[in-house]
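J.: Sharing a structure, written as structure tokens. Questions coming.
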Amino acid sequence: MSFEAAKARLEAAGQTHVLQFWEELSAEERGTFLEEISQLQPDELVKHCREAAASASRESSADGRLDERMQPVPSEFIGSVRKSDRETLQKWENEGLLQISQDRVAVLLLAGGQGTRLGVSYPKGMYNVGLPSGKTLYQMQAERIQKVQELANVRHGCRCTVPWYIMTSEFTLGPTEKFFKDNKYFGLCPSNVVMFEQRMIPAVGFDGKIILEKKNKIAMAPDGNGGLYRSLVDNKILADMEGKGVEYLHVYCVDNILVKMADPVFIGFCVNKEADCGAKVVDKAYPAEPVGVVCRVDNVYQVIEYSEIQPETAELRGPGGELLFSAGNICNHFFTRSFLKDVAEKFESKLKQHVAIKKVPFVDGEGNLVKPSKPNGIKMEKFVFDVFQFSKKFVAFEVLREEEFSPLKNADGAPLDTPTTARRSLLAQHYRWILAAGGSFMDEHNKPIAPKHSTAQNEDPPAICEISPLVSYFGEGLEKLLNQKNLKSPFILDENEAKNLVQTA
Ligand code: UTP
């Protein structure tokens, strides 16, 4: 793009200040800057800047009317791990494994976020929460894919693949690709790991003006995890899925250490109900818990953010004393490929733009970098769950929080969702699995450690044990290895240890 063309594009959008340092830039800096400006879609740019400023002022004037239109998800559209008997859960699991065995299921990871709250300079999936094995979130996810493939293979006597689609952004693509290559894709076939990039959009000041983060760089941010739908088209991912025969997608966030990749029970439930769209939910821990709630508004399925509900509504209870709006969204979704195609082709432009008011570093009139102490900018984001409204058959699936949800959002020191809480959730889960399999523990002096069947969120389990996903996906298969075994804490059950245990059995 030439300077004249860039200037004309910015003039049309009322954004010529972007070029204020042009005279000071080197030839190379000018080149990269023009390249960046050429990526801005001319018609979208005007709309984006105008809407960002307008919706930032609207956002603060939320009132209580939404509450009056909210209804819980009807019970006939909710499945529940807690309330279902063994036989029903087994039926869903069988269905899920059957679909997986026929290569009809893929997983899709949302990994384009900047992870600002965690505060590391690399993608969150590369984070090591301090497990005895030192595994990162990406490695655990890769191993769970391998294991679920194996479970489907064994159950149905065939070799199957669960492709892994990974949505990244300008921030996360390069390091994620390198990390996977350096680690030989954690044993997965590289052609089944498909990385693609979501779009970036400019951050805008309260006056609707694009923010410059350098003299020759616009402050850009990924367009939210709902940017998924555009990027599926931009990168021809739907066609890739079709080519691979994928019909069902399990979409999830990078930061949930307990995520069950391609969870056969969830997939089986959704397929069984002939749903085109589904959401895993957990029971809200307490009325004011800051999680979005899956519900209906004017008969349309939605996730309502906790900040949009009045406290009285969050406190409402049903006849049995349970919270009326208890379905906490955990960003674990089921979509059919044809639903995704409809959304991407017909509905994407109707998705709501959410406004995030953030501190965005900027260059002042003299070209000095300023790190603001107060929020100064607007980032517009689309959310992955905003497509529930387009579903023809929506279902929710309630799972146990301690088995399935422990997100890594904040750095240690924060009260919730930190590396420590994530590590504890996983270790506590593995400890429960071993007790259930008939194992017991002793300390380093060979003294027995008394079993404890539940541990508080803020304490470690009494014995430290970690089970590789390559050995067990959801606690299955441990009894034959560990029943009546007395294990020394800390205990790591990896594939080698599992082989030893089989030999000594
Ligand atoms: P969060 O909203 O928790 O954001 O993302 P984040 O980037 O991880 O962390 P903060 O808010 O900056 O601290 C939930 C999920 O959505 C993905 C994230 O990678 C995470 O898996 N995401 C978020 C995207 O894929 N793209 C985005 O533009 C934003």
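Residue numbering restarts at 1 for every chain of the structure tokens, chains are lettered A, B, ... in their displayed order, and ligands are numbered from 1 as they appear.
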Neighbours of ligand 1 within 8 Å, counting only C-alpha atoms and all ligand atoms, as a PDB file with N, CA, C and O atoms, in the first residue's frame?
T.:
```
ATOM      1  N   LEU A 109      -9.367 -25.600  20.150  1.00  0.00           N
ATOM      2  CA  LEU A 109      -8.852 -24.844  21.287  1.00  0.00           C
ATOM      3  C   LEU A 109      -8.835 -23.345  20.989  1.00  0.00           C
ATOM      4  O   LEU A 109      -8.356 -22.922  19.939  1.00  0.00           O
ATOM      5  N   LEU A 110      -9.358 -22.575  21.934  1.00  0.00           N
ATOM      6  CA  LEU A 110      -9.316 -21.112  21.823  1.00  0.00           C
ATOM      7  C   LEU A 110      -8.063 -20.640  22.552  1.00  0.00           C
ATOM      8  O   LEU A 110      -8.009 -20.692  23.786  1.00  0.00           O
ATOM      9  N   ALA A 111      -7.050 -20.274  21.797  1.00  0.00           N
ATOM     10  CA  ALA A 111      -5.768 -19.933  22.437  1.00  0.00           C
ATOM     11  C   ALA A 111      -5.195 -18.644  21.875  1.00  0.00           C
ATOM     12  O   ALA A 111      -3.995 -18.502  21.704  1.00  0.00           O
ATOM     13  N   GLY A 112      -6.079 -17.695  21.581  1.00  0.00           N
ATOM     14  CA  GLY A 112      -5.608 -16.435  21.010  1.00  0.00           C
ATOM     15  C   GLY A 112      -5.509 -15.329  22.038  1.00  0.00           C
ATOM     16  O   GLY A 112      -5.098 -14.210  21.716  1.00  0.00           O
ATOM     17  N   GLY A 113      -5.894 -15.618  23.294  1.00  0.00           N
ATOM     18  CA  GLY A 113      -5.943 -14.567  24.318  1.00  0.00           C
ATOM     19  C   GLY A 113      -4.555 -14.111  24.725  1.00  0.00           C
ATOM     20  O   GLY A 113      -3.560 -14.810  24.520  1.00  0.00           O
ATOM     21  N   GLN A 114      -4.495 -12.933  25.330  1.00  0.00           N
ATOM     22  CA  GLN A 114      -3.208 -12.344  25.700  1.00  0.00           C
ATOM     23  C   GLN A 114      -2.788 -12.730  27.118  1.00  0.00           C
ATOM     24  O   GLN A 114      -1.661 -12.454  27.511  1.00  0.00           O
ATOM     25  N   GLY A 115      -3.717 -13.327  27.869  1.00  0.00           N
ATOM     26  CA  GLY A 115      -3.393 -13.765  29.231  1.00  0.00           C
ATOM     27  C   GLY A 115      -2.831 -12.643  30.086  1.00  0.00           C
ATOM     28  O   GLY A 115      -1.881 -12.851  30.839  1.00  0.00           O
ATOM     29  N   THR A 116      -3.434 -11.467  30.001  1.00  0.00           N
ATOM     30  CA  THR A 116      -2.852 -10.315  30.697  1.00  0.00           C
ATOM     31  C   THR A 116      -2.883 -10.492  32.214  1.00  0.00           C
ATOM     32  O   THR A 116      -1.959 -10.074  32.903  1.00  0.00           O
ATOM     33  N   ARG A 117      -3.937 -11.141  32.722  1.00  0.00           N
ATOM     34  CA  ARG A 117      -4.027 -11.281  34.181  1.00  0.00           C
ATOM     35  C   ARG A 117      -2.947 -12.217  34.716  1.00  0.00           C
ATOM     36  O   ARG A 117      -2.398 -11.986  35.777  1.00  0.00           O
ATOM     37  N   LEU A 118      -2.638 -13.263  33.971  1.00  0.00           N
ATOM     38  CA  LEU A 118      -1.577 -14.188  34.421  1.00  0.00           C
ATOM     39  C   LEU A 118      -0.219 -13.489  34.325  1.00  0.00           C
ATOM     40  O   LEU A 118       0.678 -13.710  35.134  1.00  0.00           O
ATOM     41  N   GLY A 119      -0.098 -12.645  33.296  1.00  0.00           N
ATOM     42  CA  GLY A 119       1.081 -11.772  33.219  1.00  0.00           C
ATOM     43  C   GLY A 119       2.357 -12.446  32.744  1.00  0.00           C
ATOM     44  O   GLY A 119       3.439 -12.029  33.139  1.00  0.00           O
ATOM     45  N   LYS A 124      -0.442 -18.893  27.202  1.00  0.00           N
ATOM     46  CA  LYS A 124      -0.827 -19.559  28.457  1.00  0.00           C
ATOM     47  C   LYS A 124      -0.683 -21.080  28.386  1.00  0.00           C
ATOM     48  O   LYS A 124      -0.374 -21.733  29.380  1.00  0.00           O
ATOM     49  N   MET A 167      -6.940 -22.208  17.607  1.00  0.00           N
ATOM     50  CA  MET A 167      -7.034 -20.809  17.168  1.00  0.00           C
ATOM     51  C   MET A 167      -6.040 -19.983  17.991  1.00  0.00           C
ATOM     52  O   MET A 167      -6.099 -19.959  19.219  1.00  0.00           O
ATOM     53  N   THR A 168      -5.156 -19.319  17.277  1.00  0.00           N
ATOM     54  CA  THR A 168      -4.143 -18.479  17.923  1.00  0.00           C
ATOM     55  C   THR A 168      -4.363 -17.041  17.465  1.00  0.00           C
ATOM     56  O   THR A 168      -5.297 -16.759  16.712  1.00  0.00           O
ATOM     57  N   SER A 169      -3.482 -16.155  17.901  1.00  0.00           N
ATOM     58  CA  SER A 169      -3.545 -14.768  17.426  1.00  0.00           C
ATOM     59  C   SER A 169      -2.121 -14.329  17.112  1.00  0.00           C
ATOM     60  O   SER A 169      -1.173 -15.098  17.286  1.00  0.00           O
ATOM     61  N   GLN A 198      -6.545 -15.786  14.466  1.00  0.00           N
ATOM     62  CA  GLN A 198      -7.729 -14.926  14.451  1.00  0.00           C
ATOM     63  C   GLN A 198      -7.322 -13.504  14.066  1.00  0.00           C
ATOM     64  O   GLN A 198      -6.141 -13.173  14.050  1.00  0.00           O
ATOM     65  N   ALA A 221      -5.547  -5.574  19.213  1.00  0.00           N
ATOM     66  CA  ALA A 221      -5.884  -6.665  20.140  1.00  0.00           C
ATOM     67  C   ALA A 221      -6.681  -7.708  19.369  1.00  0.00           C
ATOM     68  O   ALA A 221      -7.383  -7.370  18.402  1.00  0.00           O
ATOM     69  N   PRO A 222      -6.595  -8.982  19.780  1.00  0.00           N
ATOM     70  CA  PRO A 222      -7.395  -9.999  19.102  1.00  0.00           C
ATOM     71  C   PRO A 222      -8.898  -9.675  19.266  1.00  0.00           C
ATOM     72  O   PRO A 222      -9.281  -9.030  20.244  1.00  0.00           O
ATOM     73  N   ASP A 223      -9.708 -10.135  18.316  1.00  0.00           N
ATOM     74  CA  ASP A 223     -11.119  -9.725  18.322  1.00  0.00           C
ATOM     75  C   ASP A 223     -12.010 -10.577  19.224  1.00  0.00           C
ATOM     76  O   ASP A 223     -13.202 -10.706  18.998  1.00  0.00           O
ATOM     77  N   GLY A 224     -11.442 -11.147  20.282  1.00  0.00           N
ATOM     78  CA  GLY A 224     -12.223 -11.922  21.249  1.00  0.00           C
ATOM     79  C   GLY A 224     -12.337 -13.373  20.811  1.00  0.00           C
ATOM     80  O   GLY A 224     -12.117 -13.700  19.643  1.00  0.00           O
ATOM     81  N   ASN A 225     -12.722 -14.259  21.763  1.00  0.00           N
ATOM     82  CA  ASN A 225     -12.776 -15.668  21.345  1.00  0.00           C
ATOM     83  C   ASN A 225     -13.926 -15.942  20.380  1.00  0.00           C
ATOM     84  O   ASN A 225     -13.928 -16.955  19.685  1.00  0.00           O
ATOM     85  N   GLY A 226     -14.868 -14.990  20.278  1.00  0.00           N
ATOM     86  CA  GLY A 226     -15.915 -15.096  19.254  1.00  0.00           C
ATOM     87  C   GLY A 226     -15.390 -14.731  17.872  1.00  0.00           C
ATOM     88  O   GLY A 226     -16.107 -14.854  16.868  1.00  0.00           O
ATOM     89  N   GLY A 227     -14.122 -14.290  17.815  1.00  0.00           N
ATOM     90  CA  GLY A 227     -13.463 -14.076  16.522  1.00  0.00           C
ATOM     91  C   GLY A 227     -13.305 -15.418  15.805  1.00  0.00           C
ATOM     92  O   GLY A 227     -12.977 -15.467  14.614  1.00  0.00           O
ATOM     93  N   LEU A 228     -13.542 -16.491  16.550  1.00  0.00           N
ATOM     94  CA  LEU A 228     -13.470 -17.841  15.983  1.00  0.00           C
ATOM     95  C   LEU A 228     -14.243 -17.957  14.667  1.00  0.00           C
ATOM     96  O   LEU A 228     -13.731 -18.518  13.691  1.00  0.00           O
ATOM     97  N   TYR A 252     -13.034 -25.465  23.504  1.00  0.00           N
ATOM     98  CA  TYR A 252     -12.701 -25.220  24.916  1.00  0.00           C
ATOM     99  C   TYR A 252     -11.615 -24.157  25.033  1.00  0.00           C
ATOM    100  O   TYR A 252     -10.961 -23.808  24.057  1.00  0.00           O
ATOM    101  N   CYS A 253     -11.429 -23.670  26.275  1.00  0.00           N
ATOM    102  CA  CYS A 253     -10.432 -22.631  26.553  1.00  0.00           C
ATOM    103  C   CYS A 253      -9.124 -23.257  27.014  1.00  0.00           C
ATOM    104  O   CYS A 253      -9.119 -24.281  27.682  1.00  0.00           O
ATOM    105  N   VAL A 254      -8.057 -22.556  26.724  1.00  0.00           N
ATOM    106  CA  VAL A 254      -6.727 -23.105  26.998  1.00  0.00           C
ATOM    107  C   VAL A 254      -6.434 -23.271  28.488  1.00  0.00           C
ATOM    108  O   VAL A 254      -5.623 -24.096  28.885  1.00  0.00           O
ATOM    109  N   ASP A 255      -7.138 -22.492  29.327  1.00  0.00           N
ATOM    110  CA  ASP A 255      -6.652 -22.370  30.699  1.00  0.00           C
ATOM    111  C   ASP A 255      -7.301 -23.295  31.717  1.00  0.00           C
ATOM    112  O   ASP A 255      -6.988 -23.217  32.897  1.00  0.00           O
ATOM    113  N   CYS A 331     -17.129 -22.350  29.394  1.00  0.00           N
ATOM    114  CA  CYS A 331     -16.489 -22.255  28.085  1.00  0.00           C
ATOM    115  C   CYS A 331     -16.034 -23.625  27.556  1.00  0.00           C
ATOM    116  O   CYS A 331     -14.870 -23.843  27.240  1.00  0.00           O
ATOM    117  N   GLU A 381     -14.678  -6.924  21.665  1.00  0.00           N
ATOM    118  CA  GLU A 381     -14.504  -8.377  21.568  1.00  0.00           C
ATOM    119  C   GLU A 381     -15.822  -9.058  21.271  1.00  0.00           C
ATOM    120  O   GLU A 381     -16.867  -8.636  21.777  1.00  0.00           O
ATOM    121  N   LYS A 382     -15.751 -10.115  20.492  1.00  0.00           N
ATOM    122  CA  LYS A 382     -16.911 -10.989  20.338  1.00  0.00           C
ATOM    123  C   LYS A 382     -16.684 -12.209  21.209  1.00  0.00           C
ATOM    124  O   LYS A 382     -15.532 -12.594  21.434  1.00  0.00           O
ATOM    125  N   LYS A 409      -6.290 -18.184  35.543  1.00  0.00           N
ATOM    126  CA  LYS A 409      -6.524 -16.817  35.042  1.00  0.00           C
ATOM    127  C   LYS A 409      -5.508 -15.835  35.612  1.00  0.00           C
ATOM    128  O   LYS A 409      -5.094 -14.913  34.923  1.00  0.00           O
ATOM    129  N   ASN A 410      -5.176 -16.000  36.921  1.00  0.00           N
ATOM    130  CA  ASN A 410      -4.399 -14.975  37.620  1.00  0.00           C
ATOM    131  C   ASN A 410      -3.045 -15.500  38.069  1.00  0.00           C
ATOM    132  O   ASN A 410      -2.858 -16.707  38.202  1.00  0.00           O
TER     133      ASN A 410
END
```
J.: Could you find all residues in region 276-453 of chain A that DSSP calls strand (DSSP E) from the backbone, and write them as number ranges by chain?
T.: A: 277-283, 293-297, 300-304, 327-336, 354-358, 362-363, 369-370, 377-381, 394-398, 440-442, 448-449
J.: Find, counting only C-alpha atoms, the residue in A:Gln389, A:Gln149, A:Asn458, A:Ser472 that gets nearest to Val105 (chain A).
T.: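 Ranking A:Gln389, A:Gln149, A:Asn458, A:Ser472 by distance to Val105 (chain A), first place goes to A:Gln149.
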J.: Name the residues in contact with Gly367 (chain A) at a cut-off of 8 Å, using only C-alpha atoms, excluding same-chain residues fewer than 3 positions from it; report them as a PyMOL selection string.
T.: chain A and resi 21+214-215+363-364
J.: What's around Gln90 (chain A) at 10 Å? Count only C-alpha atoms, leave out sequence neighbours fewer than 4 positions away in its own chain, and write the answer as an MDAnalysis selection string.
T.: chainID A and resid 84:86 94:96 264:265 268
J.: Show which residues sit within 12 Å of Gln310 (chain A), as a list of chain:residue names. Count only C-alpha atoms, and ignore same-chain residues fewer than 4 positions away.
T.: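 Listing them by chain and then by number gives A:Ala62, A:Asp63, A:Gly64, A:Arg65, A:Leu66, A:Asp67, A:Glu68, A:Met70, A:Pro287, A:Ala288, A:Ile304, A:Glu305, A:Tyr306, A:Ala314, A:Glu315, A:Leu316, A:Phe325.
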J.: Output C-alpha atoms of each residue in that selection to a file, as a tab-separated table (two decimals), in the first residue's frame.
T.:
```tsv
chain	number	residue	atom	x	y	z
A	62	ALA	CA	-27.14	-1.29	32.26
A	63	ASP	CA	-30.48	-1.48	34.06
A	64	GLY	CA	-32.59	-4.20	35.64
A	65	ARG	CA	-34.89	-4.91	32.70
A	66	LEU	CA	-32.89	-7.91	31.51
A	67	ASP	CA	-33.59	-9.71	34.77
A	68	GLU	CA	-37.34	-9.69	34.17
A	70	MET	CA	-34.58	-14.21	32.09
A	287	PRO	CA	-25.11	-16.55	44.12
A	288	ALA	CA	-22.58	-13.75	43.55
A	304	ILE	CA	-25.55	-13.51	30.85
A	305	GLU	CA	-22.47	-12.10	32.53
A	306	TYR	CA	-22.61	-11.85	36.32
A	314	ALA	CA	-28.76	-14.09	41.31
A	315	GLU	CA	-30.24	-15.01	44.72
A	316	LEU	CA	-33.54	-16.41	43.36
A	325	PHE	CA	-29.89	-19.37	37.72
```
J.: Per DSSP on the backbone, what are the alpha helix (DSSP H) residues of region 269-396 of chain A, as a ChimeraX atom specification?
T.: /A:269-272,311-315,337-342
J.: What would the file look like if the residues just selected were written as a short mmCIF file (atom, residue, chain, number, x, y, z; two decimals), in the first residue's frame with C-alpha atoms?
T.:
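Output file selection.cif follows:
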```
data_model
loop_
_atom_site.label_atom_id
_atom_site.label_comp_id
_atom_site.auth_asym_id
_atom_site.auth_seq_id
_atom_site.Cartn_x
_atom_site.Cartn_y
_atom_site.Cartn_z
CA PHE A 269 -25.17 -36.70 25.33
CA CYS A 270 -25.31 -33.93 22.71
CA VAL A 271 -25.44 -36.38 19.79
CA ASN A 272 -28.09 -38.42 21.57
CA PRO A 311 -28.01 -9.36 43.02
CA GLU A 312 -31.68 -10.17 43.83
CA THR A 313 -31.97 -12.18 40.60
CA ALA A 314 -28.76 -14.09 41.31
CA GLU A 315 -30.24 -15.01 44.72
CA ARG A 337 -19.96 -28.56 11.90
CA SER A 338 -23.11 -27.59 10.03
CA PHE A 339 -24.10 -25.23 12.87
CA LEU A 340 -20.66 -23.61 12.74
CA LYS A 341 -21.00 -23.25 8.99
CA ASP A 342 -24.39 -21.52 9.37
#
```
J.: Using only C-alpha atoms, what does the table of region 218-328 of chain A residues within 9 Å of region 72-81 of chain A look like, with each row giving the shortest atom pair and its distance in Å to one decimal, sorted by chain and ascending number, as JSON lines?
T.:
```
{"residue": "A:Val265", "atom": "CA", "partner": "A:Val81", "partner_atom": "CA", "distance": 8.9}
{"residue": "A:Phe266", "atom": "CA", "partner": "A:Gly79", "partner_atom": "CA", "distance": 8.9}
{"residue": "A:Phe269", "atom": "CA", "partner": "A:Gly79", "partner_atom": "CA", "distance": 7.4}
{"residue": "A:Cys270", "atom": "CA", "partner": "A:Gly79", "partner_atom": "CA", "distance": 9.0}
{"residue": "A:Lys273", "atom": "CA", "partner": "A:Phe77", "partner_atom": "CA", "distance": 8.5}
{"residue": "A:Val294", "atom": "CA", "partner": "A:Val73", "partner_atom": "CA", "distance": 7.2}
{"residue": "A:Cys295", "atom": "CA", "partner": "A:Pro72", "partner_atom": "CA", "distance": 4.8}
{"residue": "A:Arg296", "atom": "CA", "partner": "A:Pro72", "partner_atom": "CA", "distance": 6.1}
{"residue": "A:Val297", "atom": "CA", "partner": "A:Pro72", "partner_atom": "CA", "distance": 8.8}
{"residue": "A:Tyr301", "atom": "CA", "partner": "A:Val73", "partner_atom": "CA", "distance": 7.9}
{"residue": "A:Leu324", "atom": "CA", "partner": "A:Pro72", "partner_atom": "CA", "distance": 6.5}
{"residue": "A:Phe325", "atom": "CA", "partner": "A:Pro72", "partner_atom": "CA", "distance": 5.8}
{"residue": "A:Ser326", "atom": "CA", "partner": "A:Pro72", "partner_atom": "CA", "distance": 8.2}
{"residue": "A:Ala327", "atom": "CA", "partner": "A:Pro72", "partner_atom": "CA", "distance": 8.2}
```
J.: So that I can check the surroundings of Thr176 (chain A), please list as a compact mmCIF listing (two decimals) with all heavy atoms, in the first residue's frame every protein, DNA and RNA residue that reaches within 10 Å of it, counting only C-alpha atoms and ignoring chain neighbours fewer than 2 positions away.
T.:
```txt
# COMPACT_ATOMS: atom_id res chain seq x y z
N ALA A 111 -7.05 -20.27 21.80
CA ALA A 111 -5.77 -19.93 22.44
C ALA A 111 -5.19 -18.64 21.88
O ALA A 111 -4.00 -18.50 21.70
CB ALA A 111 -4.78 -21.09 22.25
N TYR A 122 4.51 -15.32 27.32
CA TYR A 122 4.34 -16.39 26.33
C TYR A 122 2.91 -16.93 26.42
O TYR A 122 2.18 -16.63 27.39
CB TYR A 122 5.38 -17.50 26.57
CG TYR A 122 5.43 -17.99 28.01
CD1 TYR A 122 4.54 -18.97 28.44
CD2 TYR A 122 6.32 -17.46 28.93
CE1 TYR A 122 4.57 -19.42 29.75
CE2 TYR A 122 6.35 -17.90 30.24
CZ TYR A 122 5.47 -18.88 30.65
OH TYR A 122 5.48 -19.30 31.96
N PRO A 123 2.47 -17.73 25.43
CA PRO A 123 1.08 -18.22 25.46
C PRO A 123 0.79 -19.06 26.71
O PRO A 123 1.64 -19.82 27.17
CB PRO A 123 0.99 -19.10 24.20
CG PRO A 123 2.07 -18.60 23.30
CD PRO A 123 3.17 -18.13 24.19
N LYS A 124 -0.44 -18.89 27.20
CA LYS A 124 -0.83 -19.56 28.46
C LYS A 124 -0.68 -21.08 28.39
O LYS A 124 -0.37 -21.73 29.38
CB LYS A 124 -2.29 -19.23 28.74
CG LYS A 124 -2.53 -18.59 30.08
CD LYS A 124 -4.02 -18.60 30.35
CE LYS A 124 -4.51 -17.24 30.77
NZ LYS A 124 -5.94 -17.25 31.10
N GLY A 125 -0.91 -21.64 27.22
CA GLY A 125 -0.81 -23.09 27.07
C GLY A 125 0.59 -23.61 27.37
O GLY A 125 0.77 -24.80 27.66
N MET A 126 1.59 -22.73 27.30
CA MET A 126 2.97 -23.15 27.58
C MET A 126 3.29 -23.06 29.08
O MET A 126 4.42 -23.31 29.49
CB MET A 126 3.95 -22.26 26.80
CG MET A 126 3.93 -22.56 25.32
SD MET A 126 4.70 -21.28 24.30
CE MET A 126 6.31 -21.13 25.01
N TYR A 138 -0.47 -27.36 27.44
CA TYR A 138 -0.52 -27.94 26.09
C TYR A 138 -0.18 -29.43 26.11
O TYR A 138 -0.82 -30.22 25.43
CB TYR A 138 0.49 -27.23 25.16
CG TYR A 138 0.05 -25.90 24.58
CD1 TYR A 138 0.99 -24.89 24.33
CD2 TYR A 138 -1.28 -25.65 24.25
CE1 TYR A 138 0.61 -23.67 23.77
CE2 TYR A 138 -1.67 -24.42 23.70
CZ TYR A 138 -0.72 -23.44 23.46
OH TYR A 138 -1.08 -22.24 22.91
N ILE A 166 -6.36 -25.35 16.58
CA ILE A 166 -5.92 -24.40 17.61
C ILE A 166 -6.00 -22.98 17.06
O ILE A 166 -5.25 -22.62 16.14
CB ILE A 166 -4.47 -24.72 18.06
CG1 ILE A 166 -4.37 -26.18 18.54
CG2 ILE A 166 -4.04 -23.75 19.17
CD1 ILE A 166 -3.00 -26.60 19.06
N THR A 168 -5.16 -19.32 17.28
CA THR A 168 -4.14 -18.48 17.92
C THR A 168 -4.36 -17.04 17.47
O THR A 168 -5.30 -16.76 16.71
CB THR A 168 -2.74 -18.92 17.48
OG1 THR A 168 -2.69 -18.80 16.06
CG2 THR A 168 -2.45 -20.36 17.87
N SER A 169 -3.48 -16.15 17.90
CA SER A 169 -3.55 -14.77 17.43
C SER A 169 -2.12 -14.33 17.11
O SER A 169 -1.17 -15.10 17.29
CB SER A 169 -4.13 -13.87 18.52
OG SER A 169 -3.27 -13.88 19.62
N PHE A 171 -0.26 -12.73 18.80
CA PHE A 171 0.60 -12.89 19.98
C PHE A 171 1.03 -14.33 20.19
O PHE A 171 2.10 -14.60 20.70
CB PHE A 171 -0.15 -12.45 21.25
CG PHE A 171 -0.53 -11.02 21.24
CD1 PHE A 171 -1.85 -10.62 21.11
CD2 PHE A 171 0.45 -10.04 21.36
CE1 PHE A 171 -2.19 -9.29 21.09
CE2 PHE A 171 0.12 -8.70 21.35
CZ PHE A 171 -1.21 -8.32 21.21
N THR A 172 0.14 -15.27 19.86
CA THR A 172 0.39 -16.65 20.30
C THR A 172 0.80 -17.61 19.19
O THR A 172 1.32 -18.67 19.49
CB THR A 172 -0.85 -17.22 21.03
OG1 THR A 172 -1.98 -17.15 20.15
CG2 THR A 172 -1.16 -16.46 22.29
N LEU A 173 0.59 -17.24 17.92
CA LEU A 173 0.85 -18.22 16.85
C LEU A 173 2.32 -18.65 16.80
O LEU A 173 2.61 -19.85 16.89
CB LEU A 173 0.40 -17.69 15.48
CG LEU A 173 0.67 -18.65 14.33
CD1 LEU A 173 -0.10 -19.95 14.48
CD2 LEU A 173 0.34 -18.03 12.97
N GLY A 174 3.22 -17.69 16.67
CA GLY A 174 4.65 -18.02 16.50
C GLY A 174 5.17 -18.90 17.64
O GLY A 174 5.65 -20.02 17.41
N LYS A 178 6.30 -22.94 17.51
CA LYS A 178 7.66 -23.33 17.86
C LYS A 178 7.66 -24.35 19.01
O LYS A 178 8.36 -25.36 18.98
CB LYS A 178 8.48 -22.09 18.26
CG LYS A 178 9.91 -22.41 18.61
CD LYS A 178 10.74 -21.15 18.73
CE LYS A 178 12.19 -21.41 19.06
NZ LYS A 178 12.52 -22.49 19.94
N PHE A 179 6.80 -24.09 19.98
CA PHE A 179 6.72 -24.98 21.14
C PHE A 179 6.30 -26.40 20.72
O PHE A 179 6.85 -27.39 21.19
CB PHE A 179 5.72 -24.39 22.14
CG PHE A 179 5.73 -25.02 23.49
CD1 PHE A 179 6.86 -24.96 24.30
CD2 PHE A 179 4.60 -25.68 23.98
CE1 PHE A 179 6.86 -25.54 25.57
CE2 PHE A 179 4.60 -26.26 25.24
CZ PHE A 179 5.72 -26.19 26.03
N PHE A 180 5.33 -26.45 19.83
CA PHE A 180 4.88 -27.77 19.37
C PHE A 180 5.98 -28.47 18.57
O PHE A 180 6.23 -29.66 18.76
CB PHE A 180 3.59 -27.65 18.53
CG PHE A 180 2.34 -27.67 19.39
CD1 PHE A 180 2.05 -26.62 20.24
CD2 PHE A 180 1.47 -28.74 19.35
CE1 PHE A 180 0.93 -26.64 21.05
CE2 PHE A 180 0.34 -28.78 20.15
CZ PHE A 180 0.06 -27.71 21.01
N LYS A 181 6.63 -27.71 17.70
CA LYS A 181 7.71 -28.32 16.90
C LYS A 181 8.82 -28.81 17.82
O LYS A 181 9.30 -29.94 17.71
CB LYS A 181 8.29 -27.30 15.92
CG LYS A 181 7.50 -27.27 14.63
CD LYS A 181 8.21 -26.46 13.56
CE LYS A 181 7.20 -26.12 12.47
NZ LYS A 181 7.14 -24.72 12.13
N ASP A 182 9.26 -27.94 18.76
CA ASP A 182 10.35 -28.32 19.67
C ASP A 182 10.01 -29.56 20.47
O ASP A 182 10.88 -30.30 20.89
CB ASP A 182 10.66 -27.17 20.65
CG ASP A 182 11.30 -25.98 19.94
OD1 ASP A 182 11.67 -26.14 18.75
OD2 ASP A 182 11.39 -24.89 20.55
N MET A 195 -3.10 -25.23 13.22
CA MET A 195 -3.12 -23.92 13.90
C MET A 195 -3.54 -22.84 12.91
O MET A 195 -3.14 -22.87 11.75
CB MET A 195 -1.73 -23.58 14.43
CG MET A 195 -1.34 -24.50 15.55
SD MET A 195 0.25 -24.05 16.22
CE MET A 195 0.66 -25.60 17.01
```
J.: If we count only C-alpha atoms and set the cut-off at 12 Å, which residues sit around Glu44 (chain A), ignoring sequence neighbours fewer than 3 positions away in its own chain? Please answer as a list in words.
T.: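 So the residues in contact are Arg9, Leu10, Ala12, Ala13, Gln39, Leu40, Gln41, Lys47, His48, Cys49, Arg50, Glu51, Ala52, Ile201, Pro202 and Ser349 of chain A.
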